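Undergrad: Just my_file05.csv, nothing more (CSV, C-alpha atoms and all ligand atoms):
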chain,number,residue,atom,x,y,z
A,114,MET,CA,0.0,0.0,0.0
A,115,THR,CA,1.3,3.5,-0.9
A,116,LEU,CA,2.2,5.5,2.2
A,117,LEU,CA,3.4,9.1,2.6
A,118,THR,CA,5.0,10.0,5.9
A,119,VAL,CA,6.2,13.6,6.7
A,120,TRP,CA,8.5,14.7,9.5
A,121,ALA,CA,10.3,17.8,10.5
A,122,ASP,CA,13.9,17.1,9.3
A,123,THR,CA,15.1,17.3,12.9
A,124,ASP,CA,12.5,15.0,14.4
A,125,PRO,CA,12.3,11.5,12.9
A,126,LEU,CA,10.4,10.1,15.9
A,127,ASN,CA,7.2,12.2,15.4
A,128,ALA,CA,5.4,12.1,12.1
A,129,LEU,CA,3.5,15.2,11.2
A,130,ILE,CA,1.5,13.4,8.5
A,131,GLN,CA,1.0,9.8,7.7
A,132,THR,CA,-1.5,8.8,5.0
A,133,SER,CA,-2.3,6.4,2.2
A,134,ASP,CA,-5.0,8.7,0.8
A,135,ARG,CA,-3.8,9.3,-2.8
A,136,ASP,CA,-5.6,12.6,-3.1
A,137,VAL,CA,-3.8,13.9,0.0
A,138,ILE,CA,-0.5,12.5,-1.2
A,139,SER,CA,-0.9,14.1,-4.6
A,140,ALA,CA,-1.7,17.5,-3.0
A,141,GLU,CA,1.2,17.3,-0.5
A,142,LEU,CA,3.7,16.4,-3.2
A,143,ALA,CA,2.3,18.9,-5.8
A,144,GLU,CA,3.0,21.7,-3.3
A,145,LEU,CA,6.7,20.8,-3.6
A,146,GLY,CA,6.6,20.4,-7.4
A,147,VAL,CA,6.7,16.6,-7.1
A,148,ALA,CA,4.4,14.9,-9.6
A,149,TYR,CA,2.6,11.8,-8.4
A,150,SER,CA,0.0,9.6,-10.0
A,151,ASN,CA,-1.2,6.0,-9.8
A,152,HIS,CA,-1.9,3.9,-12.9
A,153,PRO,CA,-3.4,0.4,-13.5
A,154,VAL,CA,-0.8,-2.4,-13.5
A,155,ARG,CA,-0.8,-5.4,-15.7
A,156,ASP,CA,-1.1,-8.8,-14.1
A,157,ASP,CA,0.5,-10.6,-17.1
A,158,VAL,CA,4.1,-9.3,-16.7
A,159,PRO,CA,6.1,-11.8,-14.7
A,160,PRO,CA,9.3,-10.9,-12.7
A,161,SER,CA,11.3,-12.7,-15.4
A,162,ALA,CA,10.1,-10.3,-18.1
A,163,THR,CA,12.8,-8.6,-20.1
A,164,GLN,CA,13.2,-4.8,-20.2
A,165,ASP,CA,11.6,-4.7,-23.6
A,166,GLU,CA,8.7,-6.8,-22.5
A,167,VAL,CA,8.0,-4.5,-19.5
A,168,ILE,CA,8.2,-1.4,-21.6
A,169,ALA,CA,5.9,-2.9,-24.3
A,170,ALA,CA,3.4,-3.8,-21.6
A,171,TYR,CA,3.1,-0.2,-20.7
A,172,GLN,CA,3.7,1.3,-24.1
A,173,PRO,CA,0.6,3.7,-24.2
A,174,MET,CA,1.6,5.2,-20.8
A,175,VAL,CA,5.3,5.4,-21.8
A,176,ASP,CA,4.4,7.1,-25.1
A,177,ALA,CA,2.2,9.6,-23.4
A,178,LEU,CA,4.9,10.5,-20.9
A,179,ILE,CA,7.5,10.9,-23.7
A,180,ALA,CA,5.1,13.1,-25.7
A,181,GLU,CA,4.3,15.3,-22.7
A,182,HIS,CA,7.7,15.6,-21.2
A,183,GLY,CA,10.2,14.9,-24.0
A,184,TYR,CA,12.1,12.1,-22.3
A,185,THR,CA,14.7,10.6,-24.6
A,186,LEU,CA,15.8,7.4,-22.7
A,187,ILE,CA,13.8,4.8,-21.0
A,188,ASP,CA,15.0,1.7,-19.2
A,189,VAL,CA,13.8,-0.8,-16.6
A,190,ALA,CA,15.4,-1.3,-13.2
A,191,GLN,CA,14.4,-4.4,-11.5
A,192,LEU,CA,15.6,-6.6,-8.6
A,193,HIS,CA,13.8,-9.7,-7.4
A,194,THR,CA,16.0,-10.9,-4.6
A,195,GLY,CA,16.2,-14.6,-4.0
A,196,ASP,CA,17.3,-16.4,-0.9
A,197,ASP,CA,20.8,-17.4,-2.1
A,198,ALA,CA,23.9,-15.6,-0.9
A,199,GLU,CA,24.9,-14.3,-4.3
A,200,SER,CA,21.5,-12.7,-4.9
A,201,GLN,CA,21.5,-11.1,-1.5
A,202,ALA,CA,25.0,-9.7,-2.0
A,203,ILE,CA,23.9,-8.1,-5.3
A,204,ALA,CA,20.8,-6.7,-3.5
A,205,ALA,CA,22.8,-5.3,-0.6
A,206,ALA,CA,25.2,-3.5,-3.0
A,207,ALA,CA,22.4,-2.1,-5.0
A,208,ARG,CA,20.6,-0.9,-1.9
A,209,LEU,CA,23.6,1.0,-0.7
A,210,LYS,CA,24.1,2.9,-4.0
A,211,PHE,CA,21.5,5.6,-3.4
A,212,LEU,CA,20.8,5.1,0.3
A,213,ALA,CA,22.6,8.3,1.3
A,214,GLU,CA,21.3,11.8,0.6
A,215,HIS,CA,22.1,13.0,-2.9
A,216,THR,CA,20.9,15.1,-5.9
A,217,HIS,CA,20.8,14.6,-9.6
A,218,ASP,CA,21.1,17.2,-12.4
A,219,GLU,CA,17.8,16.0,-13.9
A,220,GLU,CA,14.5,14.9,-12.5
A,221,GLU,CA,14.2,11.3,-11.4
A,222,ILE,CA,11.1,9.6,-12.7
A,223,ARG,CA,10.0,6.1,-11.7
A,224,PHE,CA,7.0,4.0,-12.5
A,225,PHE,CA,6.7,1.0,-10.2
A,226,SER,CA,5.0,-1.7,-12.2
A,227,ALA,CA,5.7,-4.2,-9.4
A,228,GLY,CA,7.0,-4.2,-5.9
A,229,SER,CA,8.0,-1.2,-3.9
A,230,GLY,CA,10.7,1.4,-3.0
A,231,VAL,CA,10.8,4.5,-0.8
A,232,PHE,CA,11.8,8.0,-2.0
A,233,TYR,CA,12.8,10.3,0.9
A,234,LEU,CA,12.6,13.9,-0.2
A,235,HIS,CA,14.4,16.5,2.0
A,236,MET,CA,12.7,19.8,1.2
A,237,ASN,CA,11.8,23.0,3.1
A,238,GLY,CA,12.9,21.7,6.5
A,239,ARG,CA,10.9,18.5,6.2
A,240,VAL,CA,11.5,14.9,5.2
A,241,LEU,CA,8.8,13.2,3.1
A,242,ALA,CA,9.0,9.5,2.7
A,243,MET,CA,7.0,8.2,-0.2
A,244,LEU,CA,6.6,4.4,-0.1
A,245,CYS,CA,5.8,3.7,-3.7
A,246,THR,CA,4.0,0.5,-4.6
A,247,GLU,CA,2.7,-1.0,-7.8
A,248,GLY,CA,1.1,1.5,-10.1
A,249,ASP,CA,2.8,4.6,-8.6
A,250,LEU,CA,4.5,7.1,-10.8
A,251,ILE,CA,6.7,9.7,-9.2
A,252,SER,CA,8.8,12.5,-10.5
A,253,VAL,CA,11.4,14.0,-8.2
A,254,PRO,CA,12.6,17.4,-9.5
A,255,GLU,CA,16.2,18.0,-10.4
A,256,LEU,CA,18.5,19.1,-7.6
A,257,THR,CA,16.1,17.9,-4.9
A,258,THR,CA,18.0,16.5,-2.0
A,259,HIS,CA,16.7,12.9,-1.6
A,260,TRP,CA,17.6,9.3,-1.0
A,261,PHE,CA,16.1,5.9,-2.0
A,262,ASP,CA,15.6,2.7,0.0
A,263,MET,CA,14.7,-0.5,-1.8
A,264,GLY,CA,14.7,-2.5,1.4
A,265,VAL,CA,16.8,-5.4,2.7
A,266,LYS,CA,15.3,-7.8,0.2
A,267,PRO,CA,14.6,-5.7,-2.9
A,268,ASP,CA,11.7,-6.8,-5.0
A,269,PHE,CA,10.5,-4.3,-7.6
A,270,THR,CA,10.3,-3.5,-11.3
A,271,ALA,CA,10.4,0.2,-12.2
A,272,ILE,CA,10.4,1.9,-15.6
A,273,ARG,CA,12.9,4.9,-15.5
A,274,PHE,CA,12.7,8.0,-17.8
A,275,PHE,CA,15.7,10.2,-18.6
A,276,ARG,CA,16.6,13.2,-20.7
A,277,GLU,CA,20.4,12.6,-20.5
A,278,ASP,CA,22.3,9.3,-20.6
A,279,ASP,CA,24.1,10.3,-17.4
A,280,GLY,CA,21.1,11.8,-15.7
A,281,TRP,CA,21.1,9.1,-13.0
A,282,VAL,CA,24.5,10.1,-11.6
A,283,GLY,CA,24.2,11.2,-8.0
A,284,SER,CA,26.0,14.1,-6.3
A,285,PHE,CA,26.2,13.1,-2.6
A,286,THR,CA,25.7,15.8,0.1
A,287,GLY,CA,27.8,14.0,2.7
A,288,SER,CA,24.9,14.3,5.2
A,289,ASP,CA,24.0,11.3,7.4
A,290,ILE,CA,20.3,12.3,7.7
A,291,ALA,CA,19.2,9.2,5.8
A,292,SER,CA,20.4,6.9,8.6
A,293,LYS,CA,18.1,8.7,11.1
A,294,PHE,CA,14.7,8.0,9.5
A,295,PRO,CA,12.6,4.8,9.3
A,296,THR,CA,13.7,2.4,6.6
A,297,HIS,CA,11.8,0.9,3.7
A,298,ASP,CA,11.1,-2.2,5.8
A,299,GLU,CA,9.9,-0.3,8.8
A,300,LEU,CA,7.6,1.9,6.6
A,301,THR,CA,6.3,-1.2,4.8
A,302,ALA,CA,5.4,-2.7,8.1
A,303,VAL,CA,3.4,0.4,9.0
A,304,ALA,CA,1.6,0.3,5.6
A,305,VAL,CA,0.7,-3.4,6.1
A,306,SER,CA,-0.6,-2.8,9.6
A,307,ARG,CA,-2.8,0.1,8.3
A,308,ALA,CA,-4.2,-2.0,5.4
S,401,FE,FE,18.3,9.6,-6.8
I'd like the structure from this file rewritten - as structure tokens, please.

TA:
Amino acid sequence: MTLLTVWADTDPLNALIQTSDRDVISAELAELGVAYSNHPVRDDVPPSATQDEVIAAYQPMVDALIAEHGYTLIDVAQLHTGDDAESQAIAAAARLKFLAEHTHDEEEIRFFSAGSGVFYLHMNGRVLAMLCTEGDLISVPELTTHWFDMGVKPDFTAIRFFREDDGWVGSFTGSDIASKFPTHDELTAVAVSRA
């Protein structure tokens, strides 16, 4: 279940807002220039689907986004972590990549066709944790300080949209703020308990 949690950036113990109401989430994020929407997902795209198969399954939505925003590159990021040591080592390394606060020179757009991940946006003295689940499309504006947690056992398929082929490169702020806030797994537990 999609879940937005908002804290003051100095107080990770006391949430100011916690909601799964998509209208409230859209409004909160829109105020910050963060686009959010939810779209129907296909139930005939297995975790083993190739990048081309995933994109083809969502071609009308992909084409509409390209037409509207002028994206030039599309790819698919997916991790479906198994129980074997090699799979878990790959997952742990992938999780660490963007787990600290950073920015990008272009917006970060993700459509979760399966699974989940949390974008933490650090803006205007607040931290907004957006637990994205299947069907969620989010666009984090360029230069927004943020981090991303895919969880200790990543399981997601996400279509990514870019304008530049190095648009995903992160500039890390050096802040340890990310380590102070609830993780993907903790927020997922909250979302499950609310469902
Ligand atoms: Fe990022």

Undergrad: At what distance in Å, to one decimal, does atom CA of A:Glu247 lie from atom CA of A:Arg208?

TA: 18.8 Å

Undergrad: Which residues form the shell of 7 Å around ligand FE 401 (chain S) when you count only C-alpha atoms and all ligand atoms, given as a ChimeraX atom specification?

TA: /A:211,215-217,221,259-261,281,283

Undergrad: Which one of A:Ser139, A:Phe274, A:Ala198, A:Ser150 sits closest to A:Asp176 if you count all atoms listed in the file?

TA: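 Answer, going by the shortest atom-to-atom distance: A:Phe274.
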
Undergrad: When you count only C-alpha atoms, which of these residues is closest to A:Thr296: A:Glu255, A:Ile130, A:Ile272, A:Val231?

TA: A:Val231

Undergrad: Can you pull out every residue within 9 Å of A:Gly183, counting all atoms listed in the file, but drop anything in the same chain fewer than 4 positions away, and send it as a PDB file with C-alpha atoms, in the coordinates of the input?

TA:
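File written: around_1.pdb
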ATOM      1  CA  LEU A 178       4.900  10.500 -20.900  1.00  0.00           C
ATOM      2  CA  ILE A 179       7.500  10.900 -23.700  1.00  0.00           C
ATOM      3  CA  ARG A 276      16.600  13.200 -20.700  1.00  0.00           C
TER       4      ARG A 276
END

Undergrad: Skip A:Leu116 itself and residues of its chain fewer than 2 positions away, then list as an NGL selection string all residues within 7 Å of it, counting only C-alpha atoms.

TA: :A and (114 or 118 or 132-133 or 243-244 or 304)

Undergrad: Rounded to one decimal place, report the atom CA of A:Ile290-atom CA of A:Tyr149 distance in Å.

TA: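 Calculated distance between atom CA of A:Ile290 and atom CA of A:Tyr149 is 23.9 Å.
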
Undergrad: Could you work out how far atom CA of A:Val189 lies from atom CA of A:Ala162, giving the answer in Å with one decimal?

TA: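 These atoms are spaced 10.3 Å apart.
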
Undergrad: Could you name the residues that touch A:Ala271 at 6 Å or less, counting all atoms listed in the file, but leaving out those on the same chain fewer than 4 positions away, as a list of chain:residue names?

TA: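 The residues that qualify are A:Val189, A:Ala190, A:Arg223, A:Phe224, A:Phe225, A:Ser226.
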
Undergrad: Using all atoms listed in the file, can you tell me which of A:Ala308, A:Val119, A:Ala148, A:Ile138 comes closest to A:Leu234?

TA: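 Of the candidates, the smallest distance to A:Leu234 is held by A:Val119.
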
Undergrad: Which of these residues is nearest to A:Phe269, using all atoms listed in the file: A:Ser292, A:Thr257, A:Ser161, A:Ser252?

TA: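 That would be A:Ser161, the residue with the smallest distance to A:Phe269.
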
Undergrad: Quick one: of A:Glu219, A:Asp249, A:Glu144, A:Asp188, who's nearest to A:Glu277, counting only C-alpha atoms?

TA: A:Glu219

Undergrad: Counting all atoms listed in the file, what is within 8 Å of stretch 194-197 of chain A, bar same-chain residues fewer than 2 positions away, as a list in words?

TA: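 Once the nearby chain positions are removed, what remains is Leu192, Glu199, Ser200, Gln201, Ala204, Lys266, Pro267 and Asp268 of chain A.
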
Undergrad: Put those residues in a file: C-alpha atoms, as a CSV table (one decimal), in the coordinates of the input.

TA:
chain,number,residue,atom,x,y,z
A,192,LEU,CA,15.6,-6.6,-8.6
A,199,GLU,CA,24.9,-14.3,-4.3
A,200,SER,CA,21.5,-12.7,-4.9
A,201,GLN,CA,21.5,-11.1,-1.5
A,204,ALA,CA,20.8,-6.7,-3.5
A,266,LYS,CA,15.3,-7.8,0.2
A,267,PRO,CA,14.6,-5.7,-2.9
A,268,ASP,CA,11.7,-6.8,-5.0

Undergrad: Here is a test: counting all atoms listed in the file, which residue of A:Gln191, A:Ser284, A:Ala242, A:Val158 is nearest to A:Ile203?

TA: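 Using all atoms listed in the file, A:Ile203 sits closest to A:Gln191.
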